[in-house]
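Undergrad: As input, take data.tsv (TSV, C-alpha atoms):
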chain	number	residue	atom	x	y	z
R	1	MET	CA	-67.57	185.32	171.97
R	2	ARG	CA	-68.75	181.74	171.80
R	3	ALA	CA	-70.95	180.53	174.63
R	4	ALA	CA	-69.67	177.67	176.77
R	5	PRO	CA	-71.25	174.30	176.04
R	6	GLN	CA	-74.04	173.34	178.42
R	7	GLY	CA	-74.73	169.90	179.88
R	8	PRO	CA	-77.82	167.82	179.19
R	9	ALA	CA	-81.02	169.64	179.84
R	10	ARG	CA	-82.66	168.80	183.16
R	11	PRO	CA	-86.38	167.96	183.21
R	12	ARG	CA	-88.40	170.85	184.47
R	13	ARG	CA	-90.21	170.21	187.73
R	14	ARG	CA	-93.96	170.45	187.65
R	15	PRO	CA	-95.03	173.54	189.52
R	16	GLY	CA	-96.89	172.95	192.75
R	17	TRP	CA	-99.92	174.91	191.62
R	18	ALA	CA	-100.41	172.53	188.69
R	19	ALA	CA	-100.43	169.32	190.76
R	20	ASP	CA	-103.75	167.73	191.69
R	21	PRO	CA	-104.00	167.87	195.52
R	22	LEU	CA	-106.31	164.83	195.34
R	23	ASP	CA	-103.26	162.67	194.47
R	24	GLU	CA	-101.52	163.72	197.66
R	25	LEU	CA	-104.64	163.05	199.72
R	26	ALA	CA	-105.11	159.66	198.05
R	27	GLU	CA	-101.54	158.74	198.92
R	28	GLU	CA	-102.03	159.88	202.50
R	29	LEU	CA	-105.24	157.84	202.92
R	30	ALA	CA	-104.17	154.93	200.71
R	31	GLU	CA	-104.80	152.22	203.33
R	32	VAL	CA	-108.19	153.62	204.30
R	33	CYS	CA	-109.33	154.02	200.70
R	34	ALA	CA	-108.07	150.58	199.63
R	35	ALA	CA	-109.87	148.80	202.47
R	36	ALA	CA	-113.14	150.74	202.14
R	37	VAL	CA	-116.20	148.97	200.75
R	38	HIS	CA	-118.20	152.19	200.33
R	39	PRO	CA	-117.27	155.87	199.89
R	40	ASP	CA	-119.08	156.73	203.11
R	41	GLU	CA	-116.32	155.00	205.07
R	42	ILE	CA	-113.79	157.39	203.56
R	43	ALA	CA	-116.09	160.34	204.18
R	44	ALA	CA	-116.34	159.37	207.86
R	45	VAL	CA	-112.54	159.40	208.12
R	46	LEU	CA	-112.33	162.77	206.37
R	47	GLU	CA	-114.90	164.33	208.66
R	48	ALA	CA	-113.19	162.83	211.70
R	49	ASP	CA	-110.00	164.56	210.58
R	50	GLY	CA	-111.86	167.87	210.48
R	51	MET	CA	-112.62	168.12	206.77
R	52	THR	CA	-115.36	170.71	206.16
R	53	ALA	CA	-117.31	171.57	203.02
R	54	GLU	CA	-115.37	174.84	202.74
R	55	GLN	CA	-112.03	173.01	202.89
R	56	ALA	CA	-113.17	170.43	200.36
R	57	ALA	CA	-114.20	173.18	197.96
R	58	GLU	CA	-111.15	175.38	198.51
R	59	ARG	CA	-108.42	172.71	198.46
R	60	TYR	CA	-109.88	170.02	196.22
R	61	GLY	CA	-112.63	171.66	194.20
R	62	ARG	CA	-115.36	169.33	195.54
R	63	ARG	CA	-118.64	170.33	197.12
R	64	ASP	CA	-118.15	168.45	200.38
R	65	ALA	CA	-116.41	165.53	202.04
R	66	PHE	CA	-118.82	163.03	200.47
R	67	GLU	CA	-118.02	164.05	196.91
R	68	LEU	CA	-114.34	164.05	197.79
R	69	ALA	CA	-114.71	160.54	199.26
R	70	GLU	CA	-116.39	159.30	196.07
R	71	ASP	CA	-113.46	160.52	193.98
R	72	LEU	CA	-110.96	158.93	196.37
R	73	PHE	CA	-112.92	155.68	196.30
R	74	ALA	CA	-112.80	155.64	192.50
R	75	LYS	CA	-109.14	156.64	192.38
R	76	VAL	CA	-107.62	154.09	194.78
R	77	PRO	CA	-107.90	150.39	193.79
R	78	ARG	CA	-109.46	148.00	196.30
R	79	ALA	CA	-106.98	145.95	198.34
R	80	TYR	CA	-108.80	144.28	201.21
R	81	PRO	CA	-106.48	142.90	203.91
R	82	GLU	CA	-106.30	139.15	204.25
R	83	PRO	CA	-107.68	137.81	207.54
R	84	GLY	CA	-105.09	136.62	209.99
R	85	PRO	CA	-104.61	132.97	210.87
R	86	ARG	CA	-107.24	131.59	213.22
R	87	PRO	CA	-106.75	128.67	215.61
R	88	ASP	CA	-108.21	125.36	214.53
R	89	PRO	CA	-111.06	124.53	216.98
R	90	TRP	CA	-110.71	120.82	216.18
R	91	GLN	CA	-107.00	120.65	216.95
R	92	ALA	CA	-106.27	119.21	220.38
R	93	ALA	CA	-103.17	117.79	222.00
R	94	PRO	CA	-103.22	113.95	222.18
R	95	TRP	CA	-102.19	113.99	225.84
R	96	GLN	CA	-105.18	116.17	226.69
R	97	SER	CA	-107.64	113.78	225.05
R	98	LEU	CA	-105.99	110.83	226.80
R	99	LEU	CA	-106.10	112.61	230.15
R	100	ARG	CA	-109.78	113.46	229.74
R	101	ALA	CA	-110.60	109.84	228.88
R	102	VAL	CA	-108.66	108.47	231.86
R	103	VAL	CA	-110.13	110.76	234.49
R	104	PHE	CA	-113.68	110.20	233.22
R	105	THR	CA	-113.36	106.41	233.45
R	106	LEU	CA	-111.59	106.29	236.83
R	107	PRO	CA	-114.62	104.73	238.61
R	108	GLY	CA	-114.07	101.62	236.48
R	109	LEU	CA	-110.71	101.14	238.23
R	110	GLY	CA	-112.57	101.15	241.53
R	111	TYR	CA	-114.59	98.09	240.66
R	112	GLY	CA	-111.78	95.97	241.99
R	113	LEU	CA	-112.05	97.80	245.30
R	114	ALA	CA	-115.78	97.07	245.37
R	115	GLU	CA	-115.21	93.32	245.33
R	116	PRO	CA	-115.35	92.98	249.14
R	117	PHE	CA	-118.80	94.60	249.18
R	118	LEU	CA	-120.31	92.01	246.86
R	119	ALA	CA	-122.42	89.41	248.63
R	120	ALA	CA	-121.35	85.78	248.78
R	121	SER	CA	-124.55	84.35	247.35
R	122	ARG	CA	-124.92	84.07	243.61
R	123	GLU	CA	-128.23	85.96	243.54
R	124	GLN	CA	-126.89	88.91	245.50
R	125	ARG	CA	-123.67	89.01	243.47
R	126	THR	CA	-125.74	89.18	240.31
R	127	ALA	CA	-127.86	91.99	241.80
R	128	SER	CA	-124.72	93.84	242.91
R	129	ILE	CA	-123.09	93.65	239.49
R	130	ALA	CA	-126.35	94.68	237.81
R	131	ALA	CA	-126.69	97.68	240.15
R	132	LEU	CA	-123.12	98.85	239.44
R	133	VAL	CA	-123.39	98.39	235.68
R	134	ALA	CA	-126.86	99.97	235.40
R	135	SER	CA	-125.79	102.97	237.47
R	136	ALA	CA	-122.60	103.40	235.41
R	137	LEU	CA	-124.35	103.12	232.04
R	138	VAL	CA	-127.12	105.56	232.98
R	139	ALA	CA	-124.63	108.06	234.44
R	140	TRP	CA	-122.34	107.78	231.41
R	141	ALA	CA	-125.14	108.24	228.86
R	142	TRP	CA	-126.74	111.10	230.80
R	143	ASN	CA	-123.48	112.98	231.26
R	144	GLN	CA	-122.48	112.56	227.62
R	145	GLY	CA	-125.77	114.18	226.64
R	146	LEU	CA	-125.29	116.84	229.32
R	147	ALA	CA	-121.82	117.70	228.01
R	148	HIS	CA	-123.17	118.02	224.47
R	149	ARG	CA	-125.96	120.30	225.71
R	150	ALA	CA	-123.58	122.38	227.83
R	151	TYR	CA	-121.17	122.95	224.92
R	152	GLY	CA	-124.10	124.03	222.77
R	153	ARG	CA	-125.27	126.48	225.41
R	154	LEU	CA	-121.72	127.77	225.76
R	155	ALA	CA	-121.63	128.55	222.03
R	156	SER	CA	-125.08	130.16	221.91
R	157	GLY	CA	-125.56	131.73	225.33
R	158	GLY	CA	-122.09	132.13	226.77
R	159	PRO	CA	-120.56	130.90	230.07
R	160	ALA	CA	-123.61	131.86	232.15
R	161	ALA	CA	-125.97	129.69	230.09
R	162	CYS	CA	-123.48	126.83	230.17
R	163	ALA	CA	-123.19	127.09	233.95
R	164	ARG	CA	-126.97	126.98	234.38
R	165	THR	CA	-127.17	123.82	232.25
R	166	LEU	CA	-124.46	122.09	234.27
R	167	ARG	CA	-125.85	123.23	237.61
R	168	LEU	CA	-129.23	121.69	236.81
R	169	GLY	CA	-128.19	118.68	234.74
R	170	ALA	CA	-125.34	117.23	236.82
R	171	PRO	CA	-127.36	116.67	240.06
R	172	LEU	CA	-130.31	115.27	238.08
R	173	GLY	CA	-128.04	112.78	236.34
R	174	ALA	CA	-126.50	111.67	239.64
R	175	LEU	CA	-129.96	111.14	241.17
R	176	LEU	CA	-131.15	109.17	238.17
R	177	ALA	CA	-128.11	106.89	238.18
R	178	PHE	CA	-128.46	106.33	241.94
R	179	ALA	CA	-132.15	105.50	241.51
R	180	CYS	CA	-131.21	102.83	238.94
R	181	ALA	CA	-128.88	101.24	241.51
R	182	LEU	CA	-131.65	101.23	244.11
R	183	ALA	CA	-133.85	99.24	241.73
R	184	PHE	CA	-131.72	96.15	242.43
R	185	PRO	CA	-131.60	94.30	245.79
R	186	ALA	CA	-127.88	94.92	246.26
R	187	PRO	CA	-126.07	95.23	249.61
R	188	GLY	CA	-125.64	98.64	251.19
R	189	GLY	CA	-121.95	98.85	250.29
R	190	VAL	CA	-122.69	98.39	246.61
R	191	THR	CA	-125.45	100.99	246.77
R	192	ALA	CA	-123.06	103.46	248.43
R	193	PHE	CA	-120.42	102.76	245.78
R	194	SER	CA	-123.02	103.37	243.05
R	195	ALA	CA	-123.93	106.69	244.66
R	196	GLY	CA	-120.29	107.75	244.77
R	197	GLN	CA	-119.82	106.68	241.17
R	198	ALA	CA	-122.83	108.73	240.04
R	199	LEU	CA	-121.61	111.80	241.93
R	200	TYR	CA	-118.11	111.45	240.49
R	201	LEU	CA	-119.29	111.18	236.90
R	202	GLY	CA	-121.51	114.25	237.33
R	203	ALA	CA	-118.66	116.28	238.83
R	204	ALA	CA	-116.27	114.99	236.16
R	205	THR	CA	-118.60	116.18	233.41
R	206	VAL	CA	-118.77	119.67	234.91
R	207	LEU	CA	-115.00	119.96	235.26
R	208	LEU	CA	-114.27	118.54	231.80
R	209	VAL	CA	-116.69	120.94	230.12
R	210	LEU	CA	-115.05	123.81	231.98
R	211	GLY	CA	-111.56	122.62	231.01
R	212	GLY	CA	-110.57	121.44	234.50
R	213	GLU	CA	-109.24	117.97	233.66
R	214	ARG	CA	-106.07	118.56	235.68
R	215	LEU	CA	-108.08	119.62	238.69
R	216	LEU	CA	-110.22	116.51	238.30
R	217	LEU	CA	-107.10	114.34	238.17
R	218	TYR	CA	-105.76	115.90	241.38
Since I need it in another form, could you write the structure as structure tokens?

TA:
Amino acid sequence: MRAAPQGPARPRRRPGWAADPLDELAEELAEVCAAAVHPDEIAAVLEADGMTAEQAAERYGRRDAFELAEDLFAKVPRAYPEPGPRPDPWQAAPWQSLLRAVVFTLPGLGYGLAEPFLAASREQRTASIAALVASALVAWAWNQGLAHRAYGRLASGGPAACARTLRLGAPLGALLAFACALAFPAPGGVTAFSAGQALYLGAATVLLVLGGERLLLY
């Protein structure tokens, strides 16, 4: 009796005992092995998962987790993850820069209000204008330097160091600007306006460094 024709021969499956268990482990720890820069990183993960020397020898034929990690490190190609996008520290909204400029220069708009305090005589008017301008220039220059110093301390020492710089520098700048106004024989109203201007610029510097431009505007 003739045997019935058989279909195409199927490929024989590889028996489980012949497969290398290291391939399965490499596939399981593919991300860890690919991102590792040294085999010890893989060994730390293996030991954290409870891998012992006995298990490494029995299952994988290696002396311990470190030898197993070296083989995994050599087996899996490196594929370091790309760093995620980081915000651009130099990117700022135009409206924010405009707002910061406006609120810092607001005392200049008050010069028109100071007109009634200027004396009628030419000498006293000159002294009054000199007192206002000298106080404004000193306060502006001081507070620009203070802001630069405060930002530097914020980057190197954190918010606490930045706060100490502002707490010490802002009052000193206001006193220095007020002292410059006192150096001129200006009327009392002009001197008071100069003091208010110096205090405002010091407070404005503190709030702008701390990101409180809206609070300063209010």

Undergrad: List as number ranges by chain the residues having at least one atom at most 10 Å from position (-125.1, 94.6, 240.6) as given in the file, counting all atoms listed in the file.

TA: R: 118-119, 123-135, 181-187, 190-191, 194

Undergrad: List the spatial neighbours of Val209 in chain R as a VMD selection string - criterion: any atom at most 8 Å away, only C-alpha atoms, same-chain residues fewer than 3 positions off excluded.

TA: chain R and resid 147 150 to 151 205 to 206 212

Undergrad: State, in Å with one decimal place, the distance from CA of Ala79 in chain R to CA of Ala34 in chain R.

TA: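 We find that CA of Ala79 in chain R and CA of Ala34 in chain R lie 4.9 Å from each other.
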
Undergrad: Looking at R:Arg86, R:Lys75, R:Arg100, R:Arg214, which one is nearest to Ala26 in chain R, with distances taken over all atoms listed in the file?

TA: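 Checking each of R:Arg86, R:Lys75, R:Arg100, R:Arg214 against Ala26 in chain R, counting all atoms listed in the file, the winner is R:Lys75.
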
Undergrad: When you look at Ala195 in chain R with a cut-off of 9 Å (counting all atoms listed in the file), what residues show up, excluding the ones that are within fewer than 6 positions of it in the same chain? I need them as a count of residues only.

TA: 7

Undergrad: Can you tell me how far CA of Pro85 in chain R sits from CA of Ala36 in chain R, in Å to one decimal?

TA: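 About the pair CA of Pro85 in chain R and CA of Ala36 in chain R: they are 21.6 Å apart.
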
Undergrad: Mind pulling up the distance from CA of Pro94 in chain R to CA of Arg167 in chain R?

TA: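 Between these atoms lies a distance of 28.9 Å.
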
Undergrad: R:Ala101, R:Leu166, R:Ala74, R:Ala48: which is nearest Gly145 in chain R, counting all atoms listed in the file?

TA: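 For Gly145 in chain R, the nearest of the given residues is R:Leu166.
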